[in-house]
$ cat run.tsv   # TSV, C-alpha atoms
chain	number	residue	atom	x	y	z
R	1	MET	CA	-22.76	11.76	22.01
R	2	SER	CA	-22.41	8.17	23.17
R	3	SER	CA	-18.97	6.72	23.71
R	4	ALA	CA	-19.27	4.28	20.78
R	5	VAL	CA	-20.30	7.06	18.38
R	6	ALA	CA	-17.49	9.32	19.59
R	7	LEU	CA	-15.00	6.46	19.18
R	8	ARG	CA	-16.13	5.80	15.62
R	9	ALA	CA	-16.07	9.53	14.79
R	10	LYS	CA	-12.52	10.10	15.99
R	11	THR	CA	-11.36	6.85	14.34
R	12	TYR	CA	-12.82	8.02	10.98
R	13	ILE	CA	-11.18	11.44	11.31
R	14	LEU	CA	-7.77	9.93	12.08
R	15	ILE	CA	-8.03	7.40	9.24
R	16	ALA	CA	-9.01	10.19	6.84
R	17	LEU	CA	-5.90	12.12	7.96
R	18	ILE	CA	-3.77	8.96	7.52
R	19	VAL	CA	-5.07	8.45	3.98
R	20	LEU	CA	-4.62	12.13	3.05
R	21	SER	CA	-1.13	12.47	4.50
R	22	ALA	CA	0.16	9.14	3.15
R	23	SER	CA	-1.25	9.85	-0.33
R	24	ALA	CA	0.19	13.37	-0.30
R	25	GLY	CA	3.51	11.99	0.98
R	26	ASN	CA	3.71	9.38	-1.79
R	27	ILE	CA	2.78	11.87	-4.50
R	28	LEU	CA	5.14	14.62	-3.23
R	29	LEU	CA	8.08	12.21	-2.87
R	30	SER	CA	7.44	10.82	-6.32
R	31	MET	CA	7.28	14.37	-7.79
R	32	GLY	CA	10.55	15.25	-6.06
R	33	MET	CA	12.35	12.12	-7.21
R	34	LYS	CA	11.09	12.55	-10.80
R	35	GLN	CA	12.48	16.08	-10.77
R	36	LEU	CA	15.89	14.62	-9.95
R	37	GLY	CA	15.61	12.24	-12.90
R	38	ALA	CA	16.72	8.61	-13.19
R	39	VAL	CA	19.17	7.73	-10.42
R	40	ARG	CA	22.59	6.47	-11.50
R	41	VAL	CA	25.24	6.18	-8.81
R	42	ALA	CA	28.71	5.13	-9.92
R	43	SER	CA	30.89	6.24	-7.00
R	44	ALA	CA	30.85	7.22	-3.32
R	45	MET	CA	31.03	10.87	-4.41
R	46	GLY	CA	28.00	10.24	-6.64
R	47	LEU	CA	26.07	8.92	-3.64
R	48	VAL	CA	26.92	12.02	-1.58
R	49	LYS	CA	25.83	14.22	-4.49
R	50	LEU	CA	22.57	12.28	-4.80
R	51	PHE	CA	21.82	12.76	-1.08
R	52	MET	CA	22.54	16.49	-1.36
R	53	GLU	CA	20.17	16.76	-4.32
R	54	ILE	CA	17.46	14.77	-2.54
R	55	PHE	CA	17.62	16.88	0.62
R	56	SER	CA	17.72	20.22	-1.17
R	57	ASN	CA	14.48	19.46	-3.02
R	58	GLY	CA	11.40	21.26	-1.66
R	59	TRP	CA	8.93	18.57	-2.80
R	60	ILE	CA	10.93	15.92	-0.95
R	61	TRP	CA	10.84	17.93	2.29
R	62	MET	CA	7.09	18.40	1.97
R	63	GLY	CA	6.81	14.65	1.29
R	64	ILE	CA	8.83	13.89	4.44
R	65	GLY	CA	6.58	16.26	6.43
R	66	ALA	CA	3.46	14.50	5.13
R	67	MET	CA	4.97	11.10	6.01
R	68	LEU	CA	5.73	12.26	9.58
R	69	LEU	CA	2.13	13.48	9.92
R	70	TYR	CA	1.01	10.06	8.67
R	71	LEU	CA	3.17	8.27	11.26
R	72	GLY	CA	1.85	10.49	14.08
R	73	CYS	CA	-1.79	9.88	13.13
R	74	PHE	CA	-1.12	6.14	12.80
R	75	MET	CA	0.33	6.03	16.33
R	76	VAL	CA	-2.52	8.09	17.82
R	77	VAL	CA	-5.33	6.02	16.28
R	78	LEU	CA	-3.66	2.78	17.39
R	79	SER	CA	-3.86	4.01	21.00
R	80	TRP	CA	-7.55	3.00	20.90
R	81	ALA	CA	-8.45	1.28	17.62
R	82	ASP	CA	-7.71	-2.29	16.47
R	83	TYR	CA	-4.65	-2.78	14.28
R	84	SER	CA	-6.77	-5.17	12.18
R	85	TYR	CA	-9.19	-2.25	11.59
R	86	VAL	CA	-6.70	0.56	10.97
R	87	ALA	CA	-4.31	-1.29	8.63
R	88	PRO	CA	-6.87	-2.40	6.00
R	89	ALA	CA	-8.88	0.85	6.31
R	90	SER	CA	-5.69	2.84	5.63
R	91	ALA	CA	-5.21	0.84	2.40
R	92	THR	CA	-7.58	3.41	0.88
R	93	VAL	CA	-4.27	5.14	0.03
R	94	TYR	CA	-3.71	2.53	-2.70
R	95	ALA	CA	-7.05	3.52	-4.23
R	96	VAL	CA	-6.48	7.29	-3.86
R	97	VAL	CA	-3.01	7.38	-5.47
R	98	PRO	CA	-4.17	5.97	-8.87
R	99	LEU	CA	-7.25	8.25	-8.78
R	100	VAL	CA	-5.11	11.35	-8.17
R	101	GLY	CA	-2.63	10.09	-10.78
R	102	HIS	CA	-5.42	9.78	-13.31
R	103	PHE	CA	-7.47	12.91	-12.61
R	104	LEU	CA	-4.82	15.40	-11.46
R	105	LEU	CA	-1.52	14.25	-12.94
R	106	GLY	CA	-2.90	12.85	-16.21
R	107	GLU	CA	-1.33	9.42	-15.73
R	108	LYS	CA	-2.78	6.44	-17.56
R	109	VAL	CA	-4.29	3.81	-15.24
R	110	ALA	CA	-4.50	0.22	-16.58
R	111	PRO	CA	-7.84	-1.68	-16.43
R	112	LEU	CA	-6.31	-4.20	-13.99
R	113	HIS	CA	-5.43	-1.31	-11.66
R	114	TRP	CA	-8.97	0.07	-11.84
R	115	ALA	CA	-10.20	-3.41	-10.82
R	116	GLY	CA	-7.80	-3.26	-7.86
R	117	VAL	CA	-9.12	0.18	-6.84
R	118	LEU	CA	-12.69	-1.16	-6.90
R	119	ILE	CA	-11.82	-4.29	-4.86
R	120	ILE	CA	-9.99	-2.16	-2.26
R	121	CYS	CA	-13.06	0.08	-1.90
R	122	VAL	CA	-15.33	-2.95	-1.31
R	123	GLY	CA	-12.84	-4.41	1.20
R	124	VAL	CA	-12.46	-1.13	3.09
R	125	GLY	CA	-16.26	-0.77	3.10
R	126	LEU	CA	-16.59	-4.18	4.80
R	127	VAL	CA	-13.92	-3.42	7.42
R	128	ARG	CA	-15.39	0.04	8.10
R	129	HIS	CA	-18.66	-1.49	9.29
R	130	THR	CA	-17.01	-3.63	11.97
R	131	ALA	CA	-16.38	-2.34	15.53
R	132	PRO	CA	-13.24	-0.11	15.48
R	133	SER	CA	-12.05	-1.49	18.83
R	134	THR	CA	-12.59	-5.03	20.16
R	135	THR	CA	-10.07	-4.83	23.02
R	136	ARG	CA	-11.14	-1.56	24.63
R	137	GLN	CA	-12.22	-1.63	28.27
R	138	GLU	CA	-15.06	0.72	29.15
S	1	MET	CA	10.50	-17.73	-7.29
S	2	THR	CA	13.88	-18.73	-5.87
S	3	LEU	CA	14.38	-19.73	-2.25
S	4	ARG	CA	16.36	-16.54	-1.64
S	5	THR	CA	13.52	-14.37	-2.98
S	6	ALA	CA	10.97	-16.25	-0.86
S	7	ALA	CA	13.13	-15.89	2.26
S	8	PHE	CA	13.60	-12.13	1.83
S	9	LEU	CA	9.91	-11.70	1.02
S	10	ALA	CA	9.03	-13.53	4.26
S	11	ILE	CA	11.47	-11.35	6.24
S	12	THR	CA	10.01	-8.17	4.68
S	13	VAL	CA	6.40	-9.12	5.43
S	14	LEU	CA	7.08	-10.47	8.94
S	15	ALA	CA	9.31	-7.54	9.97
S	16	ASN	CA	6.82	-4.93	8.71
S	17	THR	CA	3.75	-6.47	10.32
S	18	GLY	CA	5.73	-7.37	13.45
S	19	GLY	CA	6.86	-3.73	13.67
S	20	GLU	CA	3.33	-2.37	13.32
S	21	ILE	CA	1.99	-4.88	15.84
S	22	SER	CA	4.58	-3.94	18.42
S	23	MET	CA	3.82	-0.26	17.71
S	24	THR	CA	0.15	-1.04	18.40
S	25	HIS	CA	1.11	-2.76	21.65
S	26	ALA	CA	3.19	0.25	22.69
S	27	MET	CA	0.36	2.70	21.95
S	28	LYS	CA	-2.26	0.52	23.71
S	29	SER	CA	-0.14	0.42	26.85
S	30	ILE	CA	0.19	4.22	26.80
S	31	GLY	CA	-3.60	4.39	26.71
S	32	GLU	CA	-6.28	6.05	24.61
S	33	VAL	CA	-5.36	9.55	23.41
S	34	LYS	CA	-8.21	11.83	24.51
S	35	ASN	CA	-6.59	15.25	24.58
S	36	PHE	CA	-5.54	16.53	21.16
S	37	GLU	CA	-3.80	19.74	22.23
S	38	PRO	CA	-0.21	20.00	20.96
S	39	ALA	CA	1.33	19.80	24.45
S	40	ALA	CA	-0.66	16.65	25.28
S	41	LEU	CA	0.26	15.02	21.95
S	42	PHE	CA	3.90	15.87	22.58
S	43	ALA	CA	3.66	14.15	25.98
S	44	VAL	CA	2.25	11.04	24.25
S	45	LEU	CA	5.20	11.07	21.83
S	46	ARG	CA	7.65	11.32	24.73
S	47	ARG	CA	5.99	8.36	26.47
S	48	ALA	CA	5.99	6.37	23.21
S	49	LEU	CA	9.72	6.94	22.77
S	50	ARG	CA	10.33	5.62	26.28
S	51	SER	CA	8.55	2.35	25.45
S	52	ARG	CA	10.72	-0.66	24.60
S	53	TRP	CA	7.95	-1.89	22.29
S	54	MET	CA	8.18	1.31	20.26
S	55	TRP	CA	11.94	0.82	19.79
S	56	LEU	CA	11.35	-2.81	18.83
S	57	ALA	CA	8.80	-1.47	16.32
S	58	ILE	CA	11.29	1.02	14.87
S	59	GLY	CA	13.95	-1.71	14.63
S	60	LEU	CA	11.61	-4.18	12.91
S	61	LEU	CA	10.30	-1.54	10.47
S	62	ALA	CA	13.91	-0.68	9.58
S	63	VAL	CA	14.68	-4.38	9.00
S	64	GLY	CA	11.58	-4.64	6.79
S	65	PHE	CA	12.57	-1.55	4.80
S	66	PHE	CA	16.15	-2.68	4.15
S	67	SER	CA	15.05	-6.24	3.44
S	68	LEU	CA	12.68	-4.88	0.77
S	69	LEU	CA	15.45	-2.72	-0.74
S	70	THR	CA	17.78	-5.75	-0.83
S	71	LEU	CA	15.05	-7.87	-2.40
S	72	LEU	CA	14.41	-5.25	-5.08
S	73	SER	CA	18.09	-5.29	-6.06
S	74	TRP	CA	17.58	-8.65	-7.81
S	75	ALA	CA	13.90	-9.60	-7.76
S	76	ASP	CA	11.23	-8.46	-10.17
S	77	VAL	CA	9.33	-5.41	-8.85
S	78	SER	CA	6.08	-6.60	-10.46
S	79	LEU	CA	6.29	-9.79	-8.40
S	80	VAL	CA	7.68	-8.47	-5.12
S	81	ILE	CA	5.54	-5.37	-4.48
S	82	PRO	CA	2.17	-7.11	-5.07
S	83	ALA	CA	3.33	-10.02	-2.88
S	84	THR	CA	3.91	-7.64	0.06
S	85	ALA	CA	0.10	-7.15	0.12
S	86	LEU	CA	0.14	-10.45	2.02
S	87	SER	CA	1.03	-8.21	4.99
S	88	TYR	CA	-2.67	-7.43	5.49
S	89	VAL	CA	-3.50	-11.11	6.03
S	90	VAL	CA	-0.41	-11.74	8.18
S	91	GLY	CA	-1.31	-8.58	10.14
S	92	GLY	CA	-4.81	-9.95	10.73
S	93	LEU	CA	-3.36	-13.17	12.15
S	94	GLY	CA	-0.92	-11.21	14.33
S	95	ALA	CA	-3.73	-8.96	15.59
S	96	LYS	CA	-5.78	-12.02	16.54
S	97	PHE	CA	-3.09	-14.14	18.16
S	98	LEU	CA	-0.68	-11.53	19.56
S	99	LEU	CA	-2.93	-8.56	20.35
S	100	GLY	CA	-6.11	-10.50	21.21
S	101	GLU	CA	-8.30	-8.56	18.78
S	102	ARG	CA	-11.57	-10.26	17.81
S	103	LEU	CA	-11.83	-10.41	14.02
S	104	SER	CA	-15.36	-10.91	12.77
S	105	PRO	CA	-16.01	-12.72	9.45
S	106	ALA	CA	-16.80	-9.32	7.86
S	107	ARG	CA	-13.42	-7.97	8.90
S	108	TRP	CA	-11.61	-11.04	7.57
S	109	ALA	CA	-13.46	-10.74	4.27
S	110	GLY	CA	-12.51	-7.05	4.07
S	111	ILE	CA	-8.86	-7.82	4.86
S	112	VAL	CA	-8.66	-10.48	2.13
S	113	LEU	CA	-10.30	-8.16	-0.44
S	114	VAL	CA	-7.98	-5.28	0.50
S	115	ALA	CA	-4.93	-7.56	0.12
S	116	LEU	CA	-6.18	-8.72	-3.28
S	117	GLY	CA	-6.96	-5.16	-4.43
S	118	VAL	CA	-3.60	-3.78	-3.28
S	119	ALA	CA	-1.81	-6.65	-5.05
S	120	LEU	CA	-3.68	-5.79	-8.27
S	121	VAL	CA	-2.98	-2.04	-8.01
S	122	CYS	CA	0.72	-2.78	-7.50
S	123	THR	CA	1.13	-5.09	-10.50
S	124	GLY	CA	3.40	-3.57	-13.11
$ encode --input "run.tsv" --output "structure tokens"
Amino acid sequence: MSSAVALRAKTYILIALIVLSASAGNILLSMGMKQLGAVRVASAMGLVKLFMEIFSNGWIWMGIGAMLLYLGCFMVVLSWADYSYVAPASATVYAVVPLVGHFLLGEKVAPLHWAGVLIICVGVGLVRHTAPSTTRQE
Amino acid sequence: MTLRTAAFLAITVLANTGGEISMTHAMKSIGEVKNFEPAALFAVLRRALRSRWMWLAIGLLAVGFFSLLTLLSWADVSLVIPATALSYVVGGLGAKFLLGERLSPARWAGIVLVALGVALVCTG
């Protein structure tokens, strides 16, 4: 396997992990927070109680775990790939979250949001075809 | 949009992209990760946490996060969140001028489309 092919392969794998973990993190955190209900904090004691509720929720802990995995993958891929490649490619998350919301959680997605999902996919497609690293020394 | 909203929006976008750019710089100076065994990845994490650039990144990302929270305390979510999609374009400029990345026209076009799409997805 040539070096350029290997570079592209490991970049794709890491970006896929970034998209999966960030999407899972967003969805898990949102499920956890919805379980807690609308937040109303009136006093310092209320704030302490809110924190206790947040950190005793299993979904929230799984969400935090997914977000840490996301951060780790982001750091690793940036050790070789361009920031201007990784950041837009990772925006696939914004297309995945409405799709999961629609197909798995039964949320209603507005037409304008579907247009956004489509435009993101075209944009990511364009970025994906550029060289993942333009600063790498062979 | 009031001046205060614009100022906090600018701080949010600049701190977030600045944080990610300095994280990129930190990771590039550590060097390409080639060994994916847990012990090797842990060593990379230790080196990252010894980098000043990584701590600058953490500081800037924290500033960006709290600036966004502050902004959301008065500004309209349906205006603010889509506007943060500007980060992709600002990030492209930072990558070019601070990190020396070479952005082809195709990459610029992709970045602009992604920013537009994210802004649309985030509208209320």
$ interface_residues --input "run.tsv" --of "chain R" --to "chain S" --cutoff "10 Å" --atoms "all atoms listed in the file" --output "PyMOL selection string"
chain R and resi 10+72+74-85+87-95+97-98+109-131+133-136
$ closest_residue --input "run.tsv" --among "S:Leu69, S:Ala62, S:Met1, S:Val77" --to "Asn16 (chain S)" --atoms "only C-alpha atoms"
S:Ala62
$ atom_distance --input "run.tsv" --atom1 "CA of Arg8 (chain R)" --atom2 "CA of Arg47 (chain S)"
24.8 Å
$ atom_distance --input "run.tsv" --atom1 "CA of Ala66 (chain R)" --atom2 "CA of Leu86 (chain S)"
25.4 Å
$ residues_around --input "run.tsv" --residues "Leu36 (chain R)" --least-positions-apart "5" --cutoff "10 Å" --atoms "only C-alpha atoms" --output "short mmCIF file (atom, residue, chain, number, x, y, z; two decimals) with C-alpha atoms, in the frame of the given file"
data_model
loop_
_atom_site.label_atom_id
_atom_site.label_comp_id
_atom_site.auth_asym_id
_atom_site.auth_seq_id
_atom_site.Cartn_x
_atom_site.Cartn_y
_atom_site.Cartn_z
CA SER R 30 7.44 10.82 -6.32
CA MET R 31 7.28 14.37 -7.79
CA LEU R 50 22.57 12.28 -4.80
CA GLU R 53 20.17 16.76 -4.32
CA ILE R 54 17.46 14.77 -2.54
CA ASN R 57 14.48 19.46 -3.02
#
$ residues_around --input "run.tsv" --residues "Thr84 (chain S)" --least-positions-apart "4" --cutoff "8 Å" --atoms "only C-alpha atoms" --output "list in words"
Leu9, Thr12, Val13, Val80 and Ala119 of chain S
$ write_last_selection --input "run.tsv" --atoms "C-alpha atoms" --output "PDB file, in the coordinates of the input"
ATOM      1  CA  LEU S   9       9.910 -11.700   1.020  1.00  0.00           C
ATOM      2  CA  THR S  12      10.010  -8.170   4.680  1.00  0.00           C
ATOM      3  CA  VAL S  13       6.400  -9.120   5.430  1.00  0.00           C
ATOM      4  CA  VAL S  80       7.680  -8.470  -5.120  1.00  0.00           C
ATOM      5  CA  ALA S 119      -1.810  -6.650  -5.050  1.00  0.00           C
TER       6      ALA S 119
END
$ residues_near_point --input "run.tsv" --point "(8.8, 15.6, -6.3)" --cutoff "9 Å" --atoms "all atoms listed in the file" --output "list in words"
Ile27, Leu28, Leu29, Ser30, Met31, Gly32, Met33, Lys34, Gln35, Leu36, Asn57, Gly58, Trp59, Ile60, Met62 and Gly63 of chain R
$ axis_aligned_box --input "run.tsv" --around "region 112-123 of chain S" --padding-each-side "3 Å" --output "lines of an AutoDock Vina configuration file"
center_x = -4.6
center_y = -6.3
center_z = -4.2
size_x = 17.4
size_y = 14.4
size_z = 18.6
$ atom_distance --input "run.tsv" --atom1 "CA of Leu72 (chain S)" --atom2 "CA of Asn26 (chain R)"
18.4 Å
$ closest_residue --input "run.tsv" --among "R:Ala38, R:Leu47, R:Leu68, R:Val86" --to "Leu14 (chain R)" --atoms "only C-alpha atoms"
R:Val86
